[in-house]
file entry_6.txt (compact mmCIF, C-alpha atoms and all ligand atoms)
# COMPACT_ATOMS: atom_id res chain seq x y z
CA MET A 83 73.07 66.70 91.76
CA MET A 84 76.66 66.12 92.81
CA GLN A 85 77.01 65.03 96.43
CA GLU A 86 79.80 66.56 98.47
CA ARG A 87 81.41 65.77 101.75
CA LEU A 88 83.33 67.97 104.13
CA GLN A 89 86.62 67.04 105.73
CA LEU A 90 87.79 69.14 108.66
CA LEU A 91 91.17 70.78 108.08
CA PHE A 92 91.28 73.37 110.90
CA SER A 93 89.00 73.48 113.93
CA ARG A 94 87.51 76.66 115.36
CA GLU A 95 89.97 76.39 118.28
CA GLN A 96 92.97 76.14 115.94
CA ILE A 97 91.71 79.09 113.91
CA GLU A 98 91.15 81.24 117.01
CA GLN A 99 94.61 80.45 118.32
CA ARG A 100 96.25 81.26 114.97
CA ILE A 101 94.30 84.51 114.61
CA ARG A 102 95.52 85.62 118.05
CA GLU A 103 99.11 84.89 116.93
CA LEU A 104 98.66 86.83 113.69
CA ALA A 105 97.15 89.77 115.58
CA GLU A 106 100.18 89.85 117.89
CA LEU A 107 102.59 89.91 114.94
CA ILE A 108 100.63 92.63 113.17
CA SER A 109 100.26 94.73 116.33
CA ALA A 110 104.02 94.52 116.94
CA ASP A 111 104.86 95.47 113.33
CA TYR A 112 102.52 98.47 113.32
CA THR A 113 103.13 99.78 116.85
CA GLY A 114 102.25 103.46 117.08
CA ARG A 115 100.88 103.55 113.53
CA HIS A 116 97.38 103.79 112.17
CA VAL A 117 96.44 100.93 109.85
CA ALA A 118 93.97 101.20 106.98
CA ILE A 119 92.47 97.71 106.89
CA VAL A 120 91.13 96.81 103.43
CA GLY A 121 88.99 93.67 103.40
CA VAL A 122 88.35 91.81 100.15
CA LEU A 123 84.67 90.81 100.06
CA LYS A 124 82.95 88.57 100.53
CA GLY A 125 85.16 85.82 101.90
CA CYS A 126 87.17 88.01 104.30
CA PHE A 127 84.39 89.12 106.59
CA VAL A 128 84.56 86.38 109.25
CA PHE A 129 88.37 86.40 109.44
CA LEU A 130 88.52 90.20 109.44
CA ALA A 131 85.96 90.49 112.24
CA ASP A 132 87.89 88.00 114.36
CA LEU A 133 91.30 89.52 113.62
CA ILE A 134 90.53 93.17 114.32
CA ARG A 135 89.17 92.33 117.76
CA HIS A 136 92.65 91.15 118.75
CA LEU A 137 94.63 94.03 117.22
CA ASN A 138 96.35 96.49 119.51
CA VAL A 139 96.74 99.35 117.02
CA ASP A 140 94.53 102.12 115.67
CA ILE A 141 92.64 101.01 112.59
CA THR A 142 90.10 102.08 110.03
CA VAL A 143 88.21 99.39 108.11
CA ASP A 144 86.90 99.49 104.57
CA PHE A 145 86.12 96.91 101.91
CA VAL A 146 86.57 96.26 98.22
CA GLN A 147 84.85 93.64 96.12
CA VAL A 148 86.51 92.14 93.10
CA ALA A 149 84.50 90.39 90.40
CA SER A 150 86.33 87.49 88.84
CA TYR A 151 84.99 85.89 85.74
CA GLY A 152 85.29 82.18 85.24
CA SER A 153 83.80 79.01 86.65
CA ARG A 154 82.82 78.91 90.29
CA ARG A 155 85.95 77.13 91.45
CA GLU A 156 88.53 78.88 89.31
CA THR A 157 89.71 82.44 89.01
CA ALA A 158 90.15 83.75 85.47
CA GLY A 159 92.68 86.45 84.74
CA ALA A 160 90.41 89.47 84.44
CA CYS A 161 89.39 91.25 87.65
CA THR A 162 87.23 94.33 88.09
CA LEU A 163 86.57 96.31 91.23
CA VAL A 164 82.79 96.14 91.67
CA LYS A 165 82.93 97.87 95.06
CA ASP A 166 85.63 100.47 95.61
CA LEU A 167 87.03 101.95 98.82
CA GLY A 168 85.19 104.84 100.42
CA ILE A 169 88.40 106.11 102.07
CA ASP A 170 91.47 107.86 100.73
CA ILE A 171 94.60 105.73 101.22
CA ASP A 172 97.12 108.35 100.05
CA GLY A 173 100.04 108.19 102.51
CA ARG A 174 98.36 105.47 104.61
CA ASP A 175 99.66 102.08 105.77
CA VAL A 176 97.32 99.63 104.05
CA LEU A 177 96.79 96.07 105.25
CA ILE A 178 94.80 93.95 102.78
CA ILE A 179 92.79 91.15 104.40
CA GLU A 180 92.02 88.15 102.18
CA ASP A 181 90.33 84.84 102.90
CA ILE A 182 92.60 82.78 100.63
CA ILE A 183 95.34 83.37 98.07
CA ASP A 184 95.12 80.84 95.28
CA THR A 185 96.61 81.75 91.87
CA GLY A 186 97.47 85.22 93.23
CA LEU A 187 95.77 86.94 90.30
CA THR A 188 93.08 88.70 92.35
CA LEU A 189 95.61 90.01 94.81
CA SER A 190 98.19 91.17 92.28
CA ASN A 191 95.51 93.08 90.34
CA LEU A 192 94.20 94.64 93.53
CA ILE A 193 97.68 95.67 94.71
CA ALA A 194 98.39 97.27 91.32
CA ASP A 195 95.11 99.18 91.57
CA LEU A 196 95.78 100.39 95.13
CA ARG A 197 99.42 101.31 94.46
CA VAL A 198 98.31 104.01 92.02
CA ARG A 199 96.66 105.77 94.98
CA ALA A 200 100.08 106.31 96.66
CA PRO A 201 99.70 104.57 100.02
CA ALA A 202 102.76 104.70 102.33
CA SER A 203 102.83 100.88 102.40
CA ILE A 204 100.78 97.86 101.37
CA ARG A 205 100.94 94.54 103.19
CA VAL A 206 98.77 91.46 102.89
CA CYS A 207 97.27 89.18 105.52
CA ALA A 208 95.50 86.01 104.36
CA LEU A 209 93.78 83.38 106.46
CA LEU A 210 94.79 80.68 103.97
CA ASN A 211 97.48 80.29 101.32
CA LYS A 212 97.58 77.76 98.48
CA GLN A 213 101.19 78.18 97.45
CA ALA A 214 101.10 75.21 95.03
CA ARG A 215 98.52 76.98 92.84
CA ARG A 216 100.36 80.28 92.46
CA ARG A 217 100.51 81.69 88.91
CA VAL A 218 101.85 85.16 89.72
CA ALA A 219 104.31 86.02 92.47
CA VAL A 220 102.73 88.02 95.27
CA ALA A 221 104.17 88.73 98.70
CA VAL A 222 101.85 87.58 101.45
CA ASP A 223 103.15 89.06 104.70
CA TYR A 224 100.93 87.25 107.21
CA VAL A 225 99.48 83.78 106.55
CA GLY A 226 97.16 81.89 108.87
CA PHE A 227 97.54 78.40 107.39
CA GLU A 228 99.03 76.80 104.29
CA VAL A 229 96.62 74.48 102.45
CA GLU A 230 97.15 71.87 99.76
CA ASP A 231 95.48 72.08 96.37
CA VAL A 232 91.96 71.36 97.65
CA PHE A 233 88.85 73.50 97.54
CA VAL A 234 88.09 74.80 101.03
CA VAL A 235 84.95 76.19 102.66
CA GLY A 236 83.91 77.57 106.03
CA CYS A 237 84.99 80.54 108.17
CA GLY A 238 83.68 82.94 105.49
CA LEU A 239 84.63 80.85 102.45
CA ASP A 240 81.79 79.58 100.26
CA PHE A 241 80.90 77.17 97.52
CA SER A 242 78.08 78.75 95.51
CA GLU A 243 77.33 80.96 98.54
CA ARG A 244 76.98 77.98 100.90
CA TYR A 245 79.08 77.04 103.93
CA ARG A 246 80.31 80.56 104.88
CA GLY A 247 78.97 80.18 108.42
CA LEU A 248 80.81 76.97 109.30
CA PRO A 249 83.08 77.74 112.26
CA GLY A 250 85.89 75.44 111.08
CA ILE A 251 87.71 75.22 107.73
CA TYR A 252 86.88 72.18 105.61
CA ALA A 253 88.01 70.59 102.35
CA LEU A 254 85.03 70.15 100.02
CA LEU A 255 85.38 66.73 98.44
CA PRO A 256 83.25 64.82 95.96
CA ASP A 257 81.29 62.09 97.73
CA GLU A 258 82.71 58.61 97.41
CA PRO A 259 80.57 56.27 95.32
CA ALA A 260 78.58 53.84 97.50
P1 LIG A 301 93.12 83.89 93.20
O1 LIG A 301 92.88 85.13 92.39
O2 LIG A 301 94.27 83.98 94.17
O3 LIG A 301 93.22 82.68 92.31
O4 LIG A 301 91.79 83.59 94.00
C1 LIG A 301 91.41 84.28 95.10
C2 LIG A 301 89.94 84.10 95.36
O5 LIG A 301 89.42 82.89 94.80
C3 LIG A 301 89.71 84.00 96.85
O6 LIG A 301 89.57 85.27 97.45
C4 LIG A 301 88.44 83.17 96.90
O7 LIG A 301 87.33 84.01 96.73
C5 LIG A 301 88.54 82.26 95.69
N1 LIG A 301 89.10 80.96 96.07
C6 LIG A 301 90.30 80.44 95.71
N2 LIG A 301 90.49 79.22 96.24
C7 LIG A 301 89.38 78.95 96.97
C8 LIG A 301 88.98 77.84 97.76
O8 LIG A 301 89.66 76.82 97.95
N3 LIG A 301 87.75 77.94 98.37
C9 LIG A 301 86.94 79.02 98.21
N4 LIG A 301 85.77 79.01 98.85
N5 LIG A 301 87.30 80.09 97.46
C10 LIG A 301 88.51 80.05 96.86
call {"tool": "encode", "arguments": {"input": "entry_6.txt", "output": "structure tokens"}}
result
Amino acid sequence: MMQERLQLLFSREQIEQRIRELAELISADYTGRHVAIVGVLKGCFVFLADLIRHLNVDITVDFVQVASYGSRRETAGACTLVKDLGIDIDGRDVLIIEDIIDTGLTLSNLIADLRVRAPASIRVCALLNKQARRRVAVAVDYVGFEVEDVFVVGCGLDFSERYRGLPGIYALLPDEPA
């Protein structure tokens, strides 16, 4: 079995501070409006729970889940909605909450899908952004942290369903040979 090691990229304190800053920006941009928060499962749930507790605007929260086919570390092109929204977003201000934007394929497919439902606006908030890996252009309106081209875990992000509960964000690296 391959051994892995974790290297801390962002501590819980750094993440909490950045989430408070993001919440301030979002609250200012949406003053007096009602925001339909759309979380992308599963990775978003920790970030989303932290973020919404700092927001100063009216919100509703719902989730989608996108199945991507490919190896565990890579996203292939095809995406299917395996869990759809339970709310109507016609005429609503939608804020998509993602854990990480990598190639951008998941997000661009999701935005295309949601646009058909005629929301008033769609914006995106991601905890992490891997700009170097982008394959399709997508506008990410609020970004917690930029990361290099490394595989990251913690704060909701997994590797084969492990590590989601880690409070910090870590790079998952192959163990160095002894
Ligand atoms: P994209 O479609 O932008 O390539 O990939 C988005 C999804 O791939 C994310 O929502 C996440 O589920 C997964 N992903 C991409 N990069 C990473 C990473 O570094 N760590 C983890 N845990 N998941 C990632």
call {"tool": "closest_atom_pairs", "arguments": {"input": "entry_6.txt", "of": "chain A", "to": "ligand LIG 301 (chain A)", "cutoff": "7 Å", "atoms": "only C-alpha atoms and all ligand atoms", "output": "tab-separated table"}}
result
residue	atom	partner	partner_atom	distance
A:Gly125	CA	A:LIG301	O7	5.9
A:Arg155	CA	A:LIG301	C10	6.7
A:Glu156	CA	A:LIG301	O3	6.7
A:Thr157	CA	A:LIG301	O3	4.8
A:Glu180	CA	A:LIG301	O6	6.1
A:Asp181	CA	A:LIG301	O6	5.5
A:Ile182	CA	A:LIG301	C3	4.9
A:Ile183	CA	A:LIG301	O2	4.1
A:Asp184	CA	A:LIG301	O2	3.4
A:Thr185	CA	A:LIG301	O3	3.5
A:Gly186	CA	A:LIG301	O2	3.6
A:Leu187	CA	A:LIG301	O1	4.0
A:Thr188	CA	A:LIG301	O1	3.6
A:Leu189	CA	A:LIG301	O1	6.1
A:Val232	CA	A:LIG301	O8	5.9
A:Phe233	CA	A:LIG301	O8	3.4
A:Val234	CA	A:LIG301	O8	4.0
A:Val235	CA	A:LIG301	N4	4.8
A:Leu239	CA	A:LIG301	N4	4.2
A:Asp240	CA	A:LIG301	N4	4.3
A:Phe241	CA	A:LIG301	N4	5.4
call {"tool": "closest_residue", "arguments": {"input": "entry_6.txt", "among": "A:Val122, A:Val229, A:Val148, A:Tyr245", "to": "Cys207 of chain A", "atoms": "all atoms listed in the file"}}
result
A:Val122
call {"tool": "residues_around", "arguments": {"input": "entry_6.txt", "residues": "Asp231 of chain A", "least_positions_apart": "6", "cutoff": "7 Å", "atoms": "all atoms listed in the file", "output": "ChimeraX atom specification"}}
result
/A:212,214-215
call {"tool": "closest_residue", "arguments": {"input": "entry_6.txt", "among": "A:Gln147, A:Val176, A:Tyr224, A:Ile204", "to": "Lys124 of chain A", "atoms": "only C-alpha atoms"}}
result
A:Gln147
call {"tool": "atom_distance", "arguments": {"input": "entry_6.txt", "atom1": "atom CA of Asp172 of chain A", "atom2": "atom CA of Arg199 of chain A"}}
result
5.7 Å
call {"tool": "atom_distance", "arguments": {"input": "entry_6.txt", "atom1": "atom CA of Arg174 of chain A", "atom2": "atom CA of Thr113 of chain A"}}
result
14.3 Å
call {"tool": "closest_residue", "arguments": {"input": "entry_6.txt", "among": "A:Ser242, A:Ser203, A:Gln89, A:Ser190", "to": "Arg217 of chain A", "atoms": "all atoms listed in the file"}}
result
A:Ser190
call {"tool": "closest_residue", "arguments": {"input": "entry_6.txt", "among": "A:Glu243, A:Glu106, A:Leu210, A:Arg216", "to": "Phe92 of chain A", "atoms": "all atoms listed in the file"}}
result
A:Leu210
call {"tool": "closest_residue", "arguments": {"input": "entry_6.txt", "among": "A:Val222, A:Val117, A:Val146, A:Leu255", "to": "Pro201 of chain A", "atoms": "all atoms listed in the file"}}
result
A:Val117
